[in-house]
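Engineer: This is upload.pdb, which holds PDB, C-alpha atoms:
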MODEL        1
ATOM      1  CA  MET A   1      97.668 -56.111-118.070  1.00  0.00           C
ATOM      2  CA  VAL A   2      95.944 -54.010-115.449  1.00  0.00           C
ATOM      3  CA  ASN A   3      93.946 -55.993-112.928  1.00  0.00           C
ATOM      4  CA  ARG A   4      90.562 -54.260-113.102  1.00  0.00           C
ATOM      5  CA  LEU A   5      88.613 -54.404-109.840  1.00  0.00           C
ATOM      6  CA  VAL A   6      84.894 -53.749-109.961  1.00  0.00           C
ATOM      7  CA  THR A   7      85.518 -51.188-107.191  1.00  0.00           C
ATOM      8  CA  GLY A   8      88.595 -49.716-108.885  1.00  0.00           C
ATOM      9  CA  ALA A   9      89.062 -46.236-110.237  1.00  0.00           C
ATOM     10  CA  GLY A  10      87.968 -46.967-113.819  1.00  0.00           C
ATOM     11  CA  TYR A  11      89.170 -44.196-116.071  1.00  0.00           C
ATOM     12  CA  GLY A  12      88.816 -41.471-113.488  1.00  0.00           C
ATOM     13  CA  LEU A  13      88.757 -38.396-115.699  1.00  0.00           C
ATOM     14  CA  LEU A  14      84.977 -37.955-115.493  1.00  0.00           C
ATOM     15  CA  SER A  15      85.054 -38.274-111.689  1.00  0.00           C
ATOM     16  CA  TRP A  16      87.873 -35.764-111.533  1.00  0.00           C
ATOM     17  CA  LEU A  17      85.893 -33.314-113.659  1.00  0.00           C
ATOM     18  CA  VAL A  18      82.630 -33.861-111.745  1.00  0.00           C
ATOM     19  CA  GLN A  19      84.490 -33.138-108.490  1.00  0.00           C
ATOM     20  CA  ARG A  20      85.801 -29.787-109.794  1.00  0.00           C
ATOM     21  CA  ILE A  21      82.630 -28.558-111.507  1.00  0.00           C
ATOM     22  CA  SER A  22      80.438 -29.485-108.542  1.00  0.00           C
ATOM     23  CA  ALA A  23      82.953 -27.768-106.228  1.00  0.00           C
ATOM     24  CA  VAL A  24      82.558 -24.492-108.129  1.00  0.00           C
ATOM     25  CA  ILE A  25      78.746 -24.706-107.876  1.00  0.00           C
ATOM     26  CA  LEU A  26      79.011 -25.449-104.136  1.00  0.00           C
ATOM     27  CA  VAL A  27      81.237 -22.397-103.649  1.00  0.00           C
ATOM     28  CA  ILE A  28      78.794 -20.131-105.500  1.00  0.00           C
ATOM     29  CA  TYR A  29      75.782 -21.397-103.526  1.00  0.00           C
ATOM     30  CA  THR A  30      77.728 -21.076-100.260  1.00  0.00           C
ATOM     31  CA  LEU A  31      78.592 -17.436-100.991  1.00  0.00           C
ATOM     32  CA  PHE A  32      74.959 -16.715-101.913  1.00  0.00           C
ATOM     33  CA  MET A  33      73.645 -18.362 -98.726  1.00  0.00           C
ATOM     34  CA  THR A  34      76.240 -16.630 -96.542  1.00  0.00           C
ATOM     35  CA  ILE A  35      75.241 -13.223 -97.901  1.00  0.00           C
ATOM     36  CA  PHE A  36      71.538 -14.021 -97.403  1.00  0.00           C
ATOM     37  CA  LEU A  37      72.038 -15.187 -93.809  1.00  0.00           C
ATOM     38  CA  LEU A  38      74.270 -12.246 -92.918  1.00  0.00           C
ATOM     39  CA  SER A  39      71.692  -9.773 -94.262  1.00  0.00           C
ATOM     40  CA  HIS A  40      68.764 -11.444 -92.456  1.00  0.00           C
ATOM     41  CA  ARG A  41      69.789 -11.546 -88.822  1.00  0.00           C
ATOM     42  CA  PRO A  42      67.987 -12.732 -86.805  1.00  0.00           C
ATOM     43  CA  LEU A  43      66.423 -15.013 -89.379  1.00  0.00           C
ATOM     44  CA  GLN A  44      62.598 -15.067 -89.413  1.00  0.00           C
ATOM     45  CA  PHE A  45      60.516 -17.996 -90.666  1.00  0.00           C
ATOM     46  CA  ALA A  46      58.669 -15.849 -93.251  1.00  0.00           C
ATOM     47  CA  GLU A  47      61.916 -14.663 -94.869  1.00  0.00           C
ATOM     48  CA  TRP A  48      63.389 -18.161 -94.775  1.00  0.00           C
ATOM     49  CA  LYS A  49      60.265 -19.619 -96.391  1.00  0.00           C
ATOM     50  CA  ALA A  50      60.077 -16.787 -98.939  1.00  0.00           C
ATOM     51  CA  LEU A  51      63.691 -17.428 -99.975  1.00  0.00           C
ATOM     52  CA  PHE A  52      62.794 -20.934-101.169  1.00  0.00           C
ATOM     53  CA  THR A  53      59.489 -20.001-102.829  1.00  0.00           C
ATOM     54  CA  PRO A  54      60.553 -18.733-106.302  1.00  0.00           C
ATOM     55  CA  LEU A  55      61.151 -21.457-108.873  1.00  0.00           C
ATOM     56  CA  SER A  56      64.581 -19.976-109.635  1.00  0.00           C
ATOM     57  CA  LEU A  57      65.726 -20.471-106.051  1.00  0.00           C
ATOM     58  CA  ARG A  58      64.336 -24.009-105.904  1.00  0.00           C
ATOM     59  CA  LEU A  59      66.186 -24.895-109.093  1.00  0.00           C
ATOM     60  CA  PHE A  60      69.381 -23.233-107.812  1.00  0.00           C
ATOM     61  CA  SER A  61      69.015 -25.226-104.589  1.00  0.00           C
ATOM     62  CA  LEU A  62      68.364 -28.412-106.554  1.00  0.00           C
ATOM     63  CA  LEU A  63      71.555 -27.765-108.515  1.00  0.00           C
ATOM     64  CA  PHE A  64      73.353 -27.274-105.210  1.00  0.00           C
ATOM     65  CA  PHE A  65      72.018 -30.525-103.751  1.00  0.00           C
ATOM     66  CA  LEU A  66      72.798 -32.598-106.845  1.00  0.00           C
ATOM     67  CA  SER A  67      76.311 -31.087-106.959  1.00  0.00           C
ATOM     68  CA  LEU A  68      76.733 -31.842-103.268  1.00  0.00           C
ATOM     69  CA  PHE A  69      75.696 -35.477-103.660  1.00  0.00           C
ATOM     70  CA  LEU A  70      77.860 -36.067-106.752  1.00  0.00           C
ATOM     71  CA  HIS A  71      80.766 -34.335-104.978  1.00  0.00           C
ATOM     72  CA  ALA A  72      80.198 -36.481-101.885  1.00  0.00           C
ATOM     73  CA  TRP A  73      80.120 -39.644-103.998  1.00  0.00           C
ATOM     74  CA  VAL A  74      83.494 -38.964-105.632  1.00  0.00           C
ATOM     75  CA  GLY A  75      85.027 -38.083-102.263  1.00  0.00           C
ATOM     76  CA  VAL A  76      83.597 -41.067-100.398  1.00  0.00           C
ATOM     77  CA  ARG A  77      84.669 -43.417-103.159  1.00  0.00           C
ATOM     78  CA  ASN A  78      88.211 -42.021-103.064  1.00  0.00           C
ATOM     79  CA  ILE A  79      88.347 -42.549 -99.312  1.00  0.00           C
ATOM     80  CA  LEU A  80      87.016 -46.097 -99.578  1.00  0.00           C
ATOM     81  CA  MET A  81      89.502 -46.930-102.356  1.00  0.00           C
ATOM     82  CA  ASP A  82      92.391 -45.745-100.190  1.00  0.00           C
ATOM     83  CA  TYR A  83      91.479 -47.267 -96.837  1.00  0.00           C
ATOM     84  CA  VAL A  84      89.103 -50.204 -97.366  1.00  0.00           C
ATOM     85  CA  HIS A  85      91.023 -52.928 -99.160  1.00  0.00           C
ATOM     86  CA  PRO A  86      88.843 -56.084 -99.105  1.00  0.00           C
ATOM     87  CA  THR A  87      86.824 -55.928-102.327  1.00  0.00           C
ATOM     88  CA  GLY A  88      83.596 -57.285-100.806  1.00  0.00           C
ATOM     89  CA  LEU A  89      83.561 -54.827 -97.923  1.00  0.00           C
ATOM     90  CA  ARG A  90      84.498 -51.923-100.181  1.00  0.00           C
ATOM     91  CA  LEU A  91      81.731 -52.777-102.632  1.00  0.00           C
ATOM     92  CA  ALA A  92      79.220 -53.048 -99.781  1.00  0.00           C
ATOM     93  CA  LEU A  93      80.211 -49.624 -98.420  1.00  0.00           C
ATOM     94  CA  GLU A  94      80.130 -48.080-101.899  1.00  0.00           C
ATOM     95  CA  VAL A  95      76.640 -49.466-102.493  1.00  0.00           C
ATOM     96  CA  ALA A  96      75.539 -48.163 -99.069  1.00  0.00           C
ATOM     97  CA  ALA A  97      76.912 -44.699 -99.908  1.00  0.00           C
ATOM     98  CA  ILE A  98      75.194 -44.660-103.320  1.00  0.00           C
ATOM     99  CA  LEU A  99      71.861 -45.740-101.818  1.00  0.00           C
ATOM    100  CA  ALA A 100      72.146 -43.109 -99.080  1.00  0.00           C
ATOM    101  CA  LEU A 101      72.937 -40.374-101.612  1.00  0.00           C
ATOM    102  CA  VAL A 102      70.024 -41.379-103.877  1.00  0.00           C
ATOM    103  CA  VAL A 103      67.706 -41.260-100.851  1.00  0.00           C
ATOM    104  CA  TYR A 104      69.138 -37.843 -99.898  1.00  0.00           C
ATOM    105  CA  ALA A 105      68.524 -36.587-103.450  1.00  0.00           C
ATOM    106  CA  ALA A 106      64.852 -37.621-103.364  1.00  0.00           C
ATOM    107  CA  TRP A 107      64.523 -36.259 -99.832  1.00  0.00           C
ATOM    108  CA  SER A 108      65.998 -32.877-100.748  1.00  0.00           C
ATOM    109  CA  MET A 109      63.570 -32.584-103.693  1.00  0.00           C
ATOM    110  CA  GLN A 110      60.723 -33.355-101.300  1.00  0.00           C
ATOM    111  CA  ILE A 111      61.985 -30.591 -98.993  1.00  0.00           C
ATOM    112  CA  LEU A 112      62.269 -28.107-101.862  1.00  0.00           C
ATOM    113  CA  TRP A 113      58.929 -28.848-103.556  1.00  0.00           C
ATOM    114  CA  GLY A 114      56.862 -30.609-100.919  1.00  0.00           C
ATOM    115  CA  ALA A 115      54.903 -29.269 -97.991  1.00  0.00           C
TER     116      ALA A 115
ATOM    117  CA  MET B   1     108.131 -56.069-109.512  1.00  0.00           C
ATOM    118  CA  ALA B   2     105.936 -54.288-107.016  1.00  0.00           C
ATOM    119  CA  ARG B   3     102.430 -55.560-106.524  1.00  0.00           C
ATOM    120  CA  ARG B   4      99.797 -53.042-107.649  1.00  0.00           C
ATOM    121  CA  PRO B   5      97.954 -51.235-106.152  1.00  0.00           C
ATOM    122  CA  ASN B   6     100.402 -50.209-103.409  1.00  0.00           C
ATOM    123  CA  TYR B   7      99.153 -49.012-100.044  1.00  0.00           C
ATOM    124  CA  LEU B   8     101.223 -46.774 -97.801  1.00  0.00           C
ATOM    125  CA  ASN B   9     101.558 -47.068 -94.047  1.00  0.00           C
ATOM    126  CA  LEU B  10     100.184 -43.665 -93.041  1.00  0.00           C
ATOM    127  CA  PHE B  11     101.685 -43.857 -89.556  1.00  0.00           C
ATOM    128  CA  GLN B  12     105.268 -43.874 -90.875  1.00  0.00           C
ATOM    129  CA  ILE B  13     104.876 -40.667 -92.871  1.00  0.00           C
ATOM    130  CA  ARG B  14     105.927 -37.308 -91.428  1.00  0.00           C
ATOM    131  CA  LEU B  15     103.380 -34.730 -92.515  1.00  0.00           C
ATOM    132  CA  PRO B  16     104.554 -31.423 -93.996  1.00  0.00           C
ATOM    133  CA  LEU B  17     102.051 -28.563 -93.737  1.00  0.00           C
ATOM    134  CA  PRO B  18     100.437 -28.991 -97.181  1.00  0.00           C
ATOM    135  CA  ALA B  19      99.963 -32.691 -96.388  1.00  0.00           C
ATOM    136  CA  LEU B  20      98.242 -31.793 -93.111  1.00  0.00           C
ATOM    137  CA  THR B  21      95.882 -29.471 -94.975  1.00  0.00           C
ATOM    138  CA  SER B  22      95.273 -32.214 -97.501  1.00  0.00           C
ATOM    139  CA  ILE B  23      94.464 -34.984 -95.015  1.00  0.00           C
ATOM    140  CA  LEU B  24      92.233 -32.642 -93.031  1.00  0.00           C
ATOM    141  CA  HIS B  25      90.431 -31.839 -96.275  1.00  0.00           C
ATOM    142  CA  ARG B  26      89.657 -35.527 -96.467  1.00  0.00           C
ATOM    143  CA  VAL B  27      88.697 -35.859 -92.787  1.00  0.00           C
ATOM    144  CA  SER B  28      86.436 -32.808 -92.971  1.00  0.00           C
ATOM    145  CA  GLY B  29      84.838 -34.134 -96.151  1.00  0.00           C
ATOM    146  CA  ALA B  30      84.035 -37.428 -94.438  1.00  0.00           C
ATOM    147  CA  LEU B  31      82.536 -35.553 -91.456  1.00  0.00           C
ATOM    148  CA  LEU B  32      80.388 -33.416 -93.749  1.00  0.00           C
ATOM    149  CA  PHE B  33      79.169 -36.496 -95.619  1.00  0.00           C
ATOM    150  CA  LEU B  34      78.107 -38.131 -92.341  1.00  0.00           C
ATOM    151  CA  ALA B  35      76.307 -34.937 -91.274  1.00  0.00           C
ATOM    152  CA  ILE B  36      74.126 -34.684 -94.410  1.00  0.00           C
ATOM    153  CA  PRO B  37      71.042 -36.451 -92.948  1.00  0.00           C
ATOM    154  CA  VAL B  38      71.155 -34.337 -89.771  1.00  0.00           C
ATOM    155  CA  LEU B  39      71.301 -31.137 -91.812  1.00  0.00           C
ATOM    156  CA  LEU B  40      68.489 -32.320 -94.104  1.00  0.00           C
ATOM    157  CA  ILE B  41      66.297 -32.978 -91.069  1.00  0.00           C
ATOM    158  CA  LEU B  42      67.006 -29.452 -89.791  1.00  0.00           C
ATOM    159  CA  LEU B  43      66.275 -27.906 -93.192  1.00  0.00           C
ATOM    160  CA  GLN B  44      63.051 -29.866 -93.559  1.00  0.00           C
ATOM    161  CA  GLN B  45      61.875 -28.869 -90.107  1.00  0.00           C
ATOM    162  CA  SER B  46      62.815 -25.210 -90.528  1.00  0.00           C
ATOM    163  CA  LEU B  47      60.985 -24.927 -93.853  1.00  0.00           C
ATOM    164  CA  GLY B  48      57.958 -27.003 -92.858  1.00  0.00           C
ATOM    165  CA  SER B  49      56.062 -24.551 -90.649  1.00  0.00           C
ATOM    166  CA  ALA B  50      56.594 -21.610 -88.318  1.00  0.00           C
ATOM    167  CA  ALA B  51      56.335 -23.998 -85.359  1.00  0.00           C
ATOM    168  CA  GLY B  52      58.894 -26.298 -86.969  1.00  0.00           C
ATOM    169  CA  PHE B  53      61.193 -23.322 -87.561  1.00  0.00           C
ATOM    170  CA  ASP B  54      60.994 -22.412 -83.870  1.00  0.00           C
ATOM    171  CA  ALA B  55      61.524 -26.040 -82.873  1.00  0.00           C
ATOM    172  CA  ALA B  56      64.621 -26.262 -85.088  1.00  0.00           C
ATOM    173  CA  ARG B  57      65.931 -23.029 -83.597  1.00  0.00           C
ATOM    174  CA  ALA B  58      65.297 -24.321 -80.063  1.00  0.00           C
ATOM    175  CA  ARG B  59      67.221 -27.485 -80.925  1.00  0.00           C
ATOM    176  CA  LEU B  60      70.216 -25.387 -81.965  1.00  0.00           C
ATOM    177  CA  ASP B  61      70.250 -23.683 -78.574  1.00  0.00           C
ATOM    178  CA  HIS B  62      71.373 -26.826 -76.774  1.00  0.00           C
ATOM    179  CA  PRO B  63      75.107 -26.520 -75.897  1.00  0.00           C
ATOM    180  CA  LEU B  64      75.973 -30.007 -77.171  1.00  0.00           C
ATOM    181  CA  VAL B  65      74.228 -29.295 -80.475  1.00  0.00           C
ATOM    182  CA  LYS B  66      76.127 -26.014 -80.717  1.00  0.00           C
ATOM    183  CA  LEU B  67      79.388 -27.846 -80.122  1.00  0.00           C
ATOM    184  CA  PHE B  68      78.481 -30.390 -82.796  1.00  0.00           C
ATOM    185  CA  LEU B  69      77.613 -27.573 -85.204  1.00  0.00           C
ATOM    186  CA  LEU B  70      80.898 -25.792 -84.450  1.00  0.00           C
ATOM    187  CA  VAL B  71      82.834 -28.937 -85.345  1.00  0.00           C
ATOM    188  CA  LEU B  72      80.792 -29.119 -88.536  1.00  0.00           C
ATOM    189  CA  LEU B  73      81.413 -25.435 -89.173  1.00  0.00           C
ATOM    190  CA  TRP B  74      85.165 -26.013 -88.888  1.00  0.00           C
ATOM    191  CA  ALA B  75      84.868 -29.028 -91.205  1.00  0.00           C
ATOM    192  CA  PHE B  76      82.945 -26.927 -93.707  1.00  0.00           C
ATOM    193  CA  LEU B  77      85.306 -23.946 -93.564  1.00  0.00           C
ATOM    194  CA  HIS B  78      88.407 -26.096 -93.845  1.00  0.00           C
ATOM    195  CA  HIS B  79      86.909 -28.075 -96.713  1.00  0.00           C
ATOM    196  CA  PHE B  80      85.847 -24.812 -98.366  1.00  0.00           C
ATOM    197  CA  PHE B  81      89.221 -23.034 -98.176  1.00  0.00           C
ATOM    198  CA  ALA B  82      91.410 -26.080 -98.754  1.00  0.00           C
ATOM    199  CA  GLY B  83      89.109 -27.009-101.654  1.00  0.00           C
ATOM    200  CA  ILE B  84      89.459 -23.590-103.265  1.00  0.00           C
ATOM    201  CA  ARG B  85      93.229 -23.937-102.825  1.00  0.00           C
ATOM    202  CA  PHE B  86      93.103 -27.279-104.669  1.00  0.00           C
ATOM    203  CA  LEU B  87      91.070 -25.717-107.484  1.00  0.00           C
ATOM    204  CA  PHE B  88      93.788 -23.099-107.941  1.00  0.00           C
ATOM    205  CA  LEU B  89      96.501 -25.763-107.814  1.00  0.00           C
ATOM    206  CA  ASP B  90      94.620 -27.551-110.617  1.00  0.00           C
ATOM    207  CA  ILE B  91      95.036 -24.519-112.856  1.00  0.00           C
ATOM    208  CA  HIS B  92      98.721 -24.278-111.849  1.00  0.00           C
ATOM    209  CA  ILE B  93      98.382 -21.322-109.500  1.00  0.00           C
ATOM    210  CA  GLY B  94     100.384 -21.561-106.262  1.00  0.00           C
ATOM    211  CA  VAL B  95     102.117 -24.802-107.211  1.00  0.00           C
ATOM    212  CA  ASP B  96     105.660 -23.752-106.186  1.00  0.00           C
ATOM    213  CA  LEU B  97     106.630 -25.082-102.776  1.00  0.00           C
ATOM    214  CA  PRO B  98     106.970 -21.754-100.862  1.00  0.00           C
ATOM    215  CA  GLN B  99     103.574 -20.568-102.134  1.00  0.00           C
ATOM    216  CA  ALA B 100     102.010 -23.977-101.587  1.00  0.00           C
ATOM    217  CA  ARG B 101     103.215 -23.915 -97.972  1.00  0.00           C
ATOM    218  CA  ILE B 102     101.864 -20.427 -97.370  1.00  0.00           C
ATOM    219  CA  THR B 103      98.424 -21.169 -98.844  1.00  0.00           C
ATOM    220  CA  ALA B 104      98.248 -24.458 -96.935  1.00  0.00           C
ATOM    221  CA  ALA B 105      98.978 -22.632 -93.675  1.00  0.00           C
ATOM    222  CA  LEU B 106      96.484 -19.945 -94.659  1.00  0.00           C
ATOM    223  CA  ALA B 107      93.683 -22.468 -95.280  1.00  0.00           C
ATOM    224  CA  LEU B 108      94.386 -24.130 -91.908  1.00  0.00           C
ATOM    225  CA  PHE B 109      94.643 -20.852 -90.039  1.00  0.00           C
ATOM    226  CA  VAL B 110      91.693 -18.992 -91.574  1.00  0.00           C
ATOM    227  CA  SER B 111      89.278 -21.886 -91.056  1.00  0.00           C
ATOM    228  CA  VAL B 112      90.254 -22.291 -87.388  1.00  0.00           C
ATOM    229  CA  VAL B 113      90.142 -18.546 -86.688  1.00  0.00           C
ATOM    230  CA  LEU B 114      86.792 -18.120 -88.452  1.00  0.00           C
ATOM    231  CA  THR B 115      85.368 -21.090 -86.548  1.00  0.00           C
ATOM    232  CA  VAL B 116      86.433 -19.552 -83.232  1.00  0.00           C
ATOM    233  CA  LEU B 117      85.139 -16.083 -84.170  1.00  0.00           C
ATOM    234  CA  ILE B 118      81.786 -17.336 -85.461  1.00  0.00           C
ATOM    235  CA  GLY B 119      81.573 -19.601 -82.410  1.00  0.00           C
ATOM    236  CA  ILE B 120      82.031 -16.651 -80.059  1.00  0.00           C
ATOM    237  CA  TRP B 121      79.618 -14.549 -82.105  1.00  0.00           C
ATOM    238  CA  LEU B 122      76.811 -17.133 -82.215  1.00  0.00           C
ATOM    239  CA  TRP B 123      77.201 -18.729 -78.764  1.00  0.00           C
TER     240      TRP B 123
ENDMDL
END
Spit out the file's structure as structure tokens when you get a sec.
Structural biologist:
Amino acid sequence: MVNRLVTGAGYGLLSWLVQRISAVILVIYTLFMTIFLLSHRPLQFAEWKALFTPLSLRLFSLLFFLSLFLHAWVGVRNILMDYVHPTGLRLALEVAAILALVVYAAWSMQILWGA
Amino acid sequence: MARRPNYLNLFQIRLPLPALTSILHRVSGALLFLAIPVLLILLQQSLGSAAGFDAARARLDHPLVKLFLLVLLWAFLHHFFAGIRFLFLDIHIGVDLPQARITAALALFVSVVLTVLIGIWLW
């Protein structure tokens, strides 16, 4: 009988898959951003602002941010599972990481659509 | 019977090159996670207004900030290249030990060299 901790790995396959799919999206967005920055040197505010104006780019950026935060969650949880052994402390840190990432997600949407 | 889960004493393990790349992938990932709010603040400021854009740019001119960003740049590049290496390992490309050693060294080397070059270029 496996001793199931509330902060344990669960089944893991979904996390594993999320980590890989989000990684591919992060790579694509990184390449896109690198090409944009290299072709706009020195970067001007108008060009920077214009980049994020079309809906397509906002949605692409949203996809990037959500991938980043899911990717970060799987990674942070793996680190906490390996190095933080007391269940209470690990749970507290996991909750803190989840709350931070949810706040970041809302914040990044505000940056993309607000102002 | 061994008690599960088992935890290893990391300080007693000699690290081969692929292991070094792997642990640095983890370290760089943790650094990048911690840097997220700082980068969001910069993005928000730079997109907010022309004045904010200039203010964000002025912030980046400070030597300590540049140093901080260079560390982050290394973390990003290492995470990027080591991560791509792991994606290939997942689809069974480069799994054999000689290849795995070469690509591990390559990920380490390229990220450090690129960090130095970009650092010199942008400083």
Engineer: Residues of chain B no more than 12 Å from chain A, counting all atoms listed in the file: send them over as number ranges by chain.
Structural biologist: B: 3-10, 23, 25-57, 76-77, 79-91, 118, 122
Engineer: Using atom CA of A:Arg58 and atom CA of A:Ser39 as the two end points, give the distance in Å to one decimal.
Structural biologist: 19.8 Å
Engineer: Suppose you want the space between atom CA of A:Leu66 and atom CA of A:Ala105; what is it in Å?
Structural biologist: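 These atoms are spaced 6.8 Å apart.
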Engineer: Can you tell me which residues surround stretch 119-121 of chain B at a distance of at most 10 Å, considering all atoms listed in the file, apart from same-chain residues fewer than 4 positions away, and format the answer as a ChimeraX atom specification?
Structural biologist: /B:66-67,69-71,73-74,113-115
Engineer: As AutoDock Vina command-line options, what would the box around stretch 93-112 of chain A look like: edges along x, y and z, 4 Å added on every side, centre and edge lengths in Å to one decimal?
Structural biologist:
--center_x 70.5 --center_y -38.9 --center_z -101.1 --size_x 27.5 --size_y 29.5 --size_z 13.5
Engineer: So how far away is atom CA of A:Leu31 from atom CA of B:Leu106, in Å?
Structural biologist: 19.1 Å
Engineer: For this file, the PyMOL selection byres ((chain B and resi 108) around 9) selects which residues, as a list of chain:residue names?
Structural biologist: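 Output from the PyMOL selection byres ((chain B and resi 108) around 9), applied to this file: B:Leu20, B:Thr21, B:Leu24, B:His78, B:Phe81, B:Ala82, B:Thr103, B:Ala104, B:Ala105, B:Leu106, B:Ala107, B:Phe109, B:Val110, B:Ser111, B:Val112, B:Val113.
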